[in-house]
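> This is entry.cif, which holds mmCIF, C-alpha atoms:
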data_start
loop_
_atom_site.label_atom_id
_atom_site.label_comp_id
_atom_site.auth_asym_id
_atom_site.auth_seq_id
_atom_site.Cartn_x
_atom_site.Cartn_y
_atom_site.Cartn_z
CA MET A 935 -13.52 34.38 26.47
CA GLN A 936 -11.50 37.52 26.00
CA VAL A 937 -12.75 40.47 28.07
CA ALA A 938 -11.26 43.06 25.73
CA GLY A 939 -14.03 45.27 24.38
CA LYS A 940 -16.64 43.68 26.67
CA VAL A 941 -19.01 45.09 29.31
CA VAL A 942 -18.31 43.54 32.71
CA VAL A 943 -20.18 43.76 36.03
CA VAL A 944 -18.47 42.97 39.36
CA THR A 945 -20.42 42.78 42.61
CA GLY A 946 -18.57 43.44 45.85
CA GLY A 947 -16.12 45.46 43.78
CA ALA A 948 -15.18 48.17 46.26
CA ASN A 949 -12.29 46.26 47.80
CA GLY A 950 -10.53 42.92 48.14
CA ILE A 951 -10.90 40.35 45.37
CA GLY A 952 -13.67 42.37 43.73
CA ARG A 953 -11.57 45.48 43.30
CA ALA A 954 -8.64 43.42 42.06
CA LEU A 955 -10.94 41.78 39.49
CA CYS A 956 -12.04 45.21 38.26
CA GLU A 957 -8.42 46.31 37.88
CA ALA A 958 -7.50 43.08 36.08
CA PHE A 959 -10.38 43.43 33.64
CA HIS A 960 -9.45 47.05 33.04
CA GLY A 961 -5.89 45.99 32.29
CA ALA A 962 -7.23 43.39 29.85
CA GLY A 963 -9.09 46.06 27.90
CA ALA A 964 -12.72 45.71 28.99
CA ALA A 965 -14.89 48.34 27.32
CA LYS A 966 -16.74 49.23 30.53
CA ILE A 967 -16.50 47.87 34.04
CA VAL A 968 -19.48 48.37 36.32
CA VAL A 969 -18.48 48.25 39.98
CA THR A 970 -21.25 47.44 42.44
CA ASP A 971 -21.08 47.24 46.20
CA ILE A 972 -23.27 47.76 49.23
CA ASP A 973 -20.72 50.49 50.00
CA GLY A 974 -21.72 52.96 47.32
CA ALA A 975 -18.90 55.41 48.05
CA GLY A 976 -16.35 52.61 47.86
CA ALA A 977 -17.79 51.44 44.54
CA ARG A 978 -17.53 54.97 43.15
CA THR A 979 -13.91 55.28 44.28
CA ALA A 980 -12.97 51.95 42.70
CA ALA A 981 -14.80 52.81 39.48
CA ALA A 982 -13.20 56.25 39.21
CA ALA A 983 -9.73 54.68 39.30
CA ILE A 984 -10.43 52.64 36.15
CA GLY A 985 -12.87 54.87 34.27
CA GLY A 986 -15.75 52.58 35.18
CA ALA A 987 -19.28 53.11 36.42
CA ALA A 988 -20.64 52.44 39.89
CA PHE A 989 -23.91 51.37 41.49
CA GLN A 990 -24.78 50.83 45.12
CA CYS A 991 -26.20 47.35 45.33
CA ASP A 992 -27.25 44.94 48.08
CA VAL A 993 -26.93 41.61 46.30
CA ALA A 994 -29.29 40.00 48.80
CA LYS A 995 -32.10 42.00 47.14
CA GLU A 996 -33.28 40.79 43.73
CA LYS A 997 -34.51 44.26 42.79
CA ASP A 998 -31.01 45.70 43.30
CA ILE A 999 -29.41 43.14 41.01
CA LEU A 1000 -32.11 43.64 38.37
CA HIS A 1001 -31.57 47.40 38.58
CA VAL A 1002 -27.83 46.95 37.98
CA ILE A 1003 -28.46 44.68 34.99
CA ASP A 1004 -31.11 46.94 33.45
CA GLU A 1005 -29.15 50.16 33.91
CA THR A 1006 -25.84 48.68 32.77
CA GLU A 1007 -27.36 47.42 29.54
CA ARG A 1008 -29.31 50.62 28.99
CA GLN A 1009 -26.27 52.84 29.47
CA PHE A 1010 -23.35 50.76 28.25
CA GLY A 1011 -24.64 47.87 26.17
CA PRO A 1012 -24.98 44.11 26.62
CA ILE A 1013 -23.30 42.54 29.64
CA ALA A 1014 -20.83 39.89 28.49
CA LEU A 1015 -19.45 38.89 31.90
CA PHE A 1016 -21.25 39.06 35.23
CA CYS A 1017 -19.09 38.44 38.30
CA SER A 1018 -21.07 37.46 41.41
CA ASN A 1019 -18.25 38.21 43.79
CA ALA A 1020 -19.84 39.77 46.89
CA GLY A 1021 -19.48 37.71 50.04
CA ILE A 1022 -19.45 37.91 53.82
CA GLY A 1023 -17.49 36.12 56.52
CA GLY A 1024 -20.10 36.12 59.28
CA GLY A 1025 -21.04 33.26 61.56
CA PHE A 1026 -17.52 32.21 62.52
CA ASP A 1027 -17.17 30.59 65.93
CA PRO A 1028 -13.87 28.76 66.51
CA LEU A 1029 -15.40 26.88 69.45
CA SER A 1030 -18.39 25.74 67.35
CA VAL A 1031 -20.37 24.51 70.35
CA ASN A 1032 -23.41 23.68 68.20
CA ALA A 1033 -23.27 23.44 64.40
CA GLY A 1034 -26.97 24.29 64.30
CA GLY A 1035 -26.25 27.65 65.92
CA THR A 1036 -28.59 29.58 68.14
CA SER A 1037 -30.53 31.53 65.48
CA ASP A 1038 -31.36 31.49 61.78
CA GLU A 1039 -29.72 34.85 61.06
CA PRO A 1040 -26.16 33.74 60.14
CA PHE A 1041 -27.52 31.05 57.85
CA MET A 1042 -30.15 33.23 56.19
CA ARG A 1043 -27.82 36.19 55.61
CA SER A 1044 -25.15 33.90 54.16
CA TRP A 1045 -27.77 32.13 52.04
CA ALA A 1046 -29.01 35.42 50.60
CA ILE A 1047 -25.54 36.67 49.66
CA HIS A 1048 -23.70 33.47 48.77
CA VAL A 1049 -26.50 31.65 46.95
CA MET A 1050 -29.55 33.75 46.10
CA ALA A 1051 -27.44 36.58 44.67
CA HIS A 1052 -26.03 34.13 42.12
CA ILE A 1053 -29.52 32.85 41.36
CA TYR A 1054 -30.89 36.38 40.88
CA ALA A 1055 -28.12 37.23 38.41
CA ALA A 1056 -28.81 34.06 36.44
CA ARG A 1057 -32.58 34.55 36.55
CA HIS A 1058 -32.37 37.92 34.85
CA LEU A 1059 -29.36 37.42 32.58
CA ILE A 1060 -30.01 33.97 31.13
CA PRO A 1061 -32.90 35.13 28.87
CA ARG A 1062 -30.68 37.94 27.58
CA TYR A 1063 -27.68 35.66 27.13
CA LYS A 1064 -29.82 33.13 25.26
CA ALA A 1065 -31.14 35.81 22.94
CA ARG A 1066 -27.57 36.96 22.22
CA GLY A 1067 -26.17 33.47 21.75
CA GLY A 1068 -24.13 33.36 24.94
CA GLY A 1069 -22.59 35.08 27.94
CA TYR A 1070 -20.39 34.41 30.94
CA PHE A 1071 -20.82 34.06 34.72
CA LEU A 1072 -17.89 34.17 37.14
CA ASN A 1073 -19.02 33.21 40.63
CA THR A 1074 -16.56 33.83 43.44
CA ILE A 1075 -17.11 31.04 45.92
CA SER A 1076 -14.31 29.60 48.09
CA ALA A 1077 -12.34 26.44 48.67
CA ALA A 1078 -14.79 26.06 51.57
CA GLY A 1079 -17.41 25.13 48.99
CA LEU A 1080 -15.27 22.21 47.87
CA LEU A 1081 -13.82 21.18 51.23
CA SER A 1082 -15.39 22.76 54.32
CA GLN A 1083 -14.86 25.61 56.77
CA VAL A 1084 -14.03 24.63 60.31
CA GLY A 1085 -15.74 27.07 62.67
CA SER A 1086 -18.52 28.27 60.37
CA PRO A 1087 -21.34 25.91 59.40
CA ALA A 1088 -23.20 28.80 57.73
CA TYR A 1089 -20.26 29.76 55.52
CA SER A 1090 -19.44 26.17 54.59
CA THR A 1091 -23.05 25.20 53.89
CA THR A 1092 -23.84 28.18 51.67
CA LYS A 1093 -20.57 27.94 49.78
CA HIS A 1094 -21.30 24.27 49.04
CA ALA A 1095 -24.73 25.32 47.78
CA ALA A 1096 -23.12 27.96 45.57
CA VAL A 1097 -20.94 25.30 43.95
CA GLY A 1098 -24.00 23.13 43.37
CA PHE A 1099 -25.90 25.95 41.71
CA ALA A 1100 -22.94 26.87 39.50
CA GLU A 1101 -22.60 23.26 38.37
CA ASN A 1102 -26.28 23.15 37.44
CA LEU A 1103 -26.03 26.52 35.72
CA ALA A 1104 -23.17 25.26 33.58
CA ILE A 1105 -24.89 21.96 32.78
CA SER A 1106 -28.29 23.47 32.03
CA HIS A 1107 -27.04 26.19 29.71
CA ARG A 1108 -23.97 24.79 27.98
CA ALA A 1109 -26.06 24.29 24.84
CA ASP A 1110 -27.06 27.99 25.00
CA GLY A 1111 -23.44 29.11 24.72
CA ILE A 1112 -23.41 30.26 28.35
CA LYS A 1113 -20.10 29.75 30.16
CA VAL A 1114 -19.56 29.48 33.91
CA SER A 1115 -16.45 29.65 36.07
CA ILE A 1116 -16.20 29.34 39.83
CA LEU A 1117 -13.33 31.02 41.66
CA CYS A 1118 -12.40 29.00 44.76
CA PRO A 1119 -9.39 30.37 46.64
CA GLN A 1120 -8.34 29.58 50.18
CA GLY A 1121 -6.88 32.43 52.24
CA VAL A 1122 -6.70 35.78 50.48
CA ASP A 1123 -5.23 38.86 52.14
CA THR A 1124 -8.46 40.87 52.43
CA ASN A 1125 -10.38 42.68 55.14
CA MET A 1126 -12.73 39.69 55.37
CA LEU A 1127 -9.91 37.25 56.11
CA ARG A 1128 -8.44 39.59 58.70
CA SER A 1129 -11.83 39.94 60.42
CA ILE A 1130 -12.36 36.23 61.16
CA PRO A 1131 -10.61 33.85 63.56
CA LYS A 1132 -7.64 32.01 62.12
CA GLY A 1133 -8.55 28.62 60.72
CA PRO A 1134 -6.82 25.86 58.77
CA GLN A 1135 -6.55 28.10 55.71
CA SER A 1136 -4.31 30.50 57.63
CA GLY A 1137 -0.65 29.89 56.97
CA ASP A 1138 -1.38 27.71 53.94
CA GLY A 1139 -0.21 30.22 51.39
CA ASP A 1140 -2.37 33.34 51.69
CA LEU A 1141 -2.47 35.06 48.31
CA SER A 1142 -2.90 38.70 47.36
CA PRO A 1143 -6.20 39.75 45.76
CA GLU A 1144 -4.20 40.76 42.69
CA GLN A 1145 -2.84 37.22 42.23
CA VAL A 1146 -6.31 35.74 42.63
CA ALA A 1147 -7.67 38.18 40.03
CA LYS A 1148 -4.85 37.28 37.66
CA ASP A 1149 -5.72 33.60 38.00
CA ALA A 1150 -9.41 34.39 37.50
CA LEU A 1151 -8.70 36.27 34.28
CA ALA A 1152 -6.60 33.37 32.98
CA GLY A 1153 -9.38 30.93 33.86
CA ILE A 1154 -11.96 33.01 32.02
CA GLU A 1155 -9.74 33.24 28.97
CA GLN A 1156 -9.41 29.44 29.01
CA GLU A 1157 -13.11 29.00 29.90
CA THR A 1158 -12.20 26.79 32.85
CA PHE A 1159 -15.08 25.87 35.16
CA LEU A 1160 -13.03 25.41 38.36
CA ILE A 1161 -10.42 28.10 39.01
CA LEU A 1162 -8.10 27.21 41.90
CA PRO A 1163 -5.60 29.97 42.77
CA HIS A 1164 -4.27 27.68 45.52
CA ALA A 1165 -3.09 24.63 43.59
CA GLN A 1166 -2.95 22.52 46.76
CA VAL A 1167 -6.75 22.56 47.01
CA LEU A 1168 -6.94 20.00 44.20
CA GLY A 1169 -4.89 17.62 46.33
CA TYR A 1170 -7.15 18.21 49.32
CA MET A 1171 -10.20 17.48 47.18
CA ARG A 1172 -8.67 14.21 46.02
CA LYS A 1173 -7.87 13.16 49.58
CA LYS A 1174 -11.44 13.97 50.61
CA THR A 1175 -13.00 11.81 47.92
CA GLU A 1176 -10.46 8.99 48.25
CA ASN A 1177 -11.33 8.40 51.90
CA TYR A 1178 -14.18 10.54 53.23
CA ASP A 1179 -14.03 9.05 56.74
CA ARG A 1180 -10.31 9.73 57.06
CA TRP A 1181 -10.87 13.29 55.81
CA ILE A 1182 -13.66 13.89 58.36
CA GLY A 1183 -11.34 12.61 61.08
CA GLY A 1184 -8.58 14.97 60.01
CA MET A 1185 -10.91 17.96 59.94
CA ALA A 1186 -12.24 17.00 63.38
CA LYS A 1187 -8.67 17.13 64.69
CA ILE A 1188 -8.34 20.65 63.32
CA GLN A 1189 -11.61 21.59 65.04
CA ALA A 1190 -10.37 20.11 68.32
CA LYS A 1191 -7.15 22.11 68.05
CA MET A 1192 -9.10 25.31 67.43
CA ARG A 1193 -11.32 24.66 70.45
CA GLU A 1194 -8.21 24.12 72.57
CA GLU A 1195 -6.53 27.32 71.36
CA TYR A 1196 -9.56 29.61 71.55
CA GLY A 1197 -11.02 28.04 74.70
CA LYS A 1198 -8.08 28.99 76.90
#
Show me this structure written as structure tokens.

Amino acid sequence: MQVAGKVVVVTGGANGIGRALCEAFHGAGAAKIVVTDIDGAGARTAAAAIGGAAFQCDVAKEKDILHVIDETERQFGPIALFCSNAGIGGGFDPLSVNAGGTSDEPFMRSWAIHVMAHIYAARHLIPRYKARGGGYFLNTISAAGLLSQVGSPAYSTTKHAAVGFAENLAISHRADGIKVSILCPQGVDTNMLRSIPKGPQSGDGDLSPEQVAKDALAGIEQETFLILPHAQVLGYMRKKTENYDRWIGGMAKIQAKMREEYGK
């Protein structure tokens, strides 16, 4: 799909990968880019820089996502590309004393943002996409959804679920002309990465948000389901599936090293 002349929505667009996506789509000639973020002022700043529109939106709330969809289509026309990009990095504990945690909160907050937000977008856009003969979803997930995330069971679990939903979305609606891409980078130089303890992704080729957005745009143009800005992730995936037990053992060694470093 070419984004030129299209209406595009990006959640979590005030900074990081989201803002870089907005700038990339603007550079590619999108007709209107709608920037949404829980930080309304940040969304307005990002939108002003590219002649876009902005909405404050908590993607964990279905009514907020529906409001964005309704108002975007009312004001600017049919949405061609919806980017569920918003994410959080909560629940990280390098010591990981108990994978089950001590409360539901990290899991439920991550579930709402990393999974239900994608479901809400699909729930309300699929009928419109079907009626129009097609549409596109770009879901920003993470390499953690394909591999794992040492130190954060909540992040890893919900990112895996996001991959599963995107797969089903693509399978269920291929015949409707609906396209899906998942963006699965490792370390990206964003505020979120800087706010969490260093894990195995650190030092394995952190990319700029701009590079990730460039790769995302290329993936959309080629209608590629799995977009991997870090090419090495494909090799890690192959090693995981070739010998799952060996992979678990290797990840456990990384966990042990983290416990040793952060437990001092």
> Kindly give the distance, in Å, that separates CA of Met1192 (chain A) and CA of Ala1095 (chain A), rounded to a single decimal.
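Straight-line distance from CA of Met1192 (chain A) to CA of Ala1095 (chain A) works out to 25.1 Å.
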> What is the distance, in Å and to one decimal place, between CA of Thr1091 (chain A) and CA of Thr1074 (chain A)?
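Taking CA of Thr1091 (chain A) as the start and CA of Thr1074 (chain A) as the end point, the length is 15.0 Å.
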> When you draw a straight line from CA of Leu1072 (chain A) to CA of Ser1044 (chain A), how long is it in Å?
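Pair CA of Leu1072 (chain A) / CA of Ser1044 (chain A) returns 18.5 Å.
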> Which residues, written as a list in words, have at least one atom at most 9 Å from Met1050 (chain A), with all atoms listed in the file counted and residues fewer than 4 positions away on the same chain left out?
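Counting only the stated atoms, we get Val993, Ala994, Lys995, Glu996, Trp1045, Ala1046, Tyr1054, Ala1055 and Ala1096 of chain A.
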> My list of candidates is A:Gln1156, A:Asn949, A:Ser1076, A:Gln1145. Which is closest to Val937 (chain A) when distances are computed with all atoms listed in the file?
A:Gln1156
> Counting all atoms listed in the file, which of A:Pro1087, A:Val944, A:Gln1120, A:Ile1013 gets nearest to Leu1168 (chain A)?
A:Gln1120
> Using only C-alpha atoms, can you tell me which of A:Gly1121, A:Ala964, A:Tyr1063, A:Asp1038 comes closest to Gly950 (chain A)?
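Distance minimum relative to Gly950 (chain A) lands on A:Gly1121.
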> Just want the 12 Å neighbourhood of Arg1062 (chain A), counted on only C-alpha atoms, with same-chain residues fewer than 5 positions away dropped. Output as a list in words.
Ile1003, Asp1004, Glu1007, Gly1011, Pro1012, Ile1013, Ala1014, Ala1055, Ala1056, Arg1057, Gly1067, Gly1068, Gly1069, Tyr1070, Asp1110, Gly1111 and Ile1112 of chain A
> So which residues get picked by the PyMOL selection byres ((chain A and resi 1170) around 12) here, written as a list in words?
Ala1077, Ala1078, Leu1080, Leu1081, Ser1082, Gln1120, Gln1135, Leu1162, His1164, Ala1165, Gln1166, Val1167, Leu1168, Gly1169, Met1171, Arg1172, Lys1173, Lys1174, Thr1175, Glu1176, Asn1177, Tyr1178, Arg1180, Trp1181, Ile1182, Gly1184 and Met1185 of chain A
> Could you list the residues chosen by the PyMOL selection byres ((chain A and resi 984-988) around 6) in this structure as an MDAnalysis selection string?
chainID A and resid 966:970 977:978 981:983 989
> Using the chain letters and numbers from the file, give me the residues hit by the PyMOL selection byres ((chain A and resi 1102) around 12), as a count of residues only.
21
> Taking all atoms listed in the file into account, name the residue in A:Leu1141, A:Leu1015, A:Ile1075, A:Val1031 that is nearest to Leu1059 (chain A).
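Among A:Leu1141, A:Leu1015, A:Ile1075, A:Val1031, it is A:Leu1015 that comes nearest to Leu1059 (chain A).
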> Would you pick out the contacts of Glu1155 (chain A) at 8 Å or less, using only C-alpha atoms, so that residues sharing its chain but fewer than 2 positions from it are not included, and give the list as JSON, numbers by chain?
{"A": [935, 936, 937, 1151, 1152, 1153, 1157, 1158]}
> List the neighbours of Leu955 (chain A) out to 8 Å using only C-alpha atoms; skip same-chain residues closer than 6 positions along the sequence, and give me the result as a CSV table (one decimal) with C-alpha atoms, keeping the file's coordinate frame.

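Result file follows (around_11.csv):
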chain,number,residue,atom,x,y,z
A,944,VAL,CA,-18.5,43.0,39.4
A,947,GLY,CA,-16.1,45.5,43.8
A,1144,GLU,CA,-4.2,40.8,42.7
A,1147,ALA,CA,-7.7,38.2,40.0
A,1148,LYS,CA,-4.8,37.3,37.7
A,1150,ALA,CA,-9.4,34.4,37.5
A,1151,LEU,CA,-8.7,36.3,34.3
> Around region 1087-1092 of chain A, fit a box with edges along x, y and z, padding it by 8 Å on each side, then list its centre and edge lengths in Å to one decimal as lines of an AutoDock Vina configuration file.

center_x = -21.6
center_y = 27.5
center_z = 55.5
size_x = 20.4
size_y = 20.6
size_z = 23.7
> Hey, what's within 7 Å of Gly1085 (chain A) if we count all atoms listed in the file and toss same-chain stuff fewer than 2 positions away? As a ChimeraX atom specification, please?
/A:1026-1030,1083,1087
> Starting from the incomplete input, reconstruct N, CA and C atoms of region 1028-1043 of chain A and write that as a PDB file, in the frame of the given file.

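And here is the file that came out, out_19.pdb:
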ATOM      1  N   PRO A1028     -14.915  29.793  66.439  1.00  0.00           N
ATOM      2  CA  PRO A1028     -13.870  28.760  66.510  1.00  0.00           C
ATOM      3  C   PRO A1028     -14.189  27.648  67.494  1.00  0.00           C
ATOM      4  N   LEU A1029     -15.037  27.924  68.499  1.00  0.00           N
ATOM      5  CA  LEU A1029     -15.400  26.880  69.450  1.00  0.00           C
ATOM      6  C   LEU A1029     -16.482  25.966  68.896  1.00  0.00           C
ATOM      7  N   SER A1030     -17.336  26.506  68.033  1.00  0.00           N
ATOM      8  CA  SER A1030     -18.390  25.740  67.350  1.00  0.00           C
ATOM      9  C   SER A1030     -19.081  24.758  68.300  1.00  0.00           C
ATOM     10  N   VAL A1031     -19.711  25.326  69.330  1.00  0.00           N
ATOM     11  CA  VAL A1031     -20.370  24.510  70.350  1.00  0.00           C
ATOM     12  C   VAL A1031     -21.535  23.723  69.783  1.00  0.00           C
ATOM     13  N   ASN A1032     -22.243  24.337  68.800  1.00  0.00           N
ATOM     14  CA  ASN A1032     -23.410  23.680  68.200  1.00  0.00           C
ATOM     15  C   ASN A1032     -23.469  24.088  66.728  1.00  0.00           C
ATOM     16  N   ALA A1033     -23.278  23.133  65.833  1.00  0.00           N
ATOM     17  CA  ALA A1033     -23.270  23.440  64.400  1.00  0.00           C
ATOM     18  C   ALA A1033     -24.593  24.033  63.927  1.00  0.00           C
ATOM     19  N   GLY A1034     -25.674  23.736  64.659  1.00  0.00           N
ATOM     20  CA  GLY A1034     -26.970  24.290  64.300  1.00  0.00           C
ATOM     21  C   GLY A1034     -27.144  25.733  64.712  1.00  0.00           C
ATOM     22  N   GLY A1035     -26.186  26.254  65.491  1.00  0.00           N
ATOM     23  CA  GLY A1035     -26.250  27.650  65.920  1.00  0.00           C
ATOM     24  C   GLY A1035     -27.346  27.915  66.927  1.00  0.00           C
ATOM     25  N   THR A1036     -27.566  29.177  67.190  1.00  0.00           N
ATOM     26  CA  THR A1036     -28.590  29.580  68.140  1.00  0.00           C
ATOM     27  C   THR A1036     -29.703  30.402  67.486  1.00  0.00           C
ATOM     28  N   SER A1037     -29.495  30.782  66.205  1.00  0.00           N
ATOM     29  CA  SER A1037     -30.530  31.530  65.480  1.00  0.00           C
ATOM     30  C   SER A1037     -30.366  31.275  63.987  1.00  0.00           C
ATOM     31  N   ASP A1038     -31.394  31.663  63.227  1.00  0.00           N
ATOM     32  CA  ASP A1038     -31.360  31.490  61.780  1.00  0.00           C
ATOM     33  C   ASP A1038     -30.509  32.547  61.078  1.00  0.00           C
ATOM     34  N   GLU A1039     -30.266  33.679  61.734  1.00  0.00           N
ATOM     35  CA  GLU A1039     -29.720  34.850  61.060  1.00  0.00           C
ATOM     36  C   GLU A1039     -28.417  34.591  60.303  1.00  0.00           C
ATOM     37  N   PRO A1040     -27.394  33.955  60.915  1.00  0.00           N
ATOM     38  CA  PRO A1040     -26.160  33.740  60.140  1.00  0.00           C
ATOM     39  C   PRO A1040     -26.379  32.899  58.896  1.00  0.00           C
ATOM     40  N   PHE A1041     -27.245  31.902  59.002  1.00  0.00           N
ATOM     41  CA  PHE A1041     -27.520  31.050  57.850  1.00  0.00           C
ATOM     42  C   PHE A1041     -28.293  31.808  56.774  1.00  0.00           C
ATOM     43  N   MET A1042     -29.304  32.554  57.171  1.00  0.00           N
ATOM     44  CA  MET A1042     -30.150  33.230  56.190  1.00  0.00           C
ATOM     45  C   MET A1042     -29.415  34.367  55.488  1.00  0.00           C
ATOM     46  N   ARG A1043     -28.593  35.105  56.227  1.00  0.00           N
ATOM     47  CA  ARG A1043     -27.820  36.190  55.610  1.00  0.00           C
ATOM     48  C   ARG A1043     -26.800  35.617  54.632  1.00  0.00           C
TER      49      ARG A1043
END
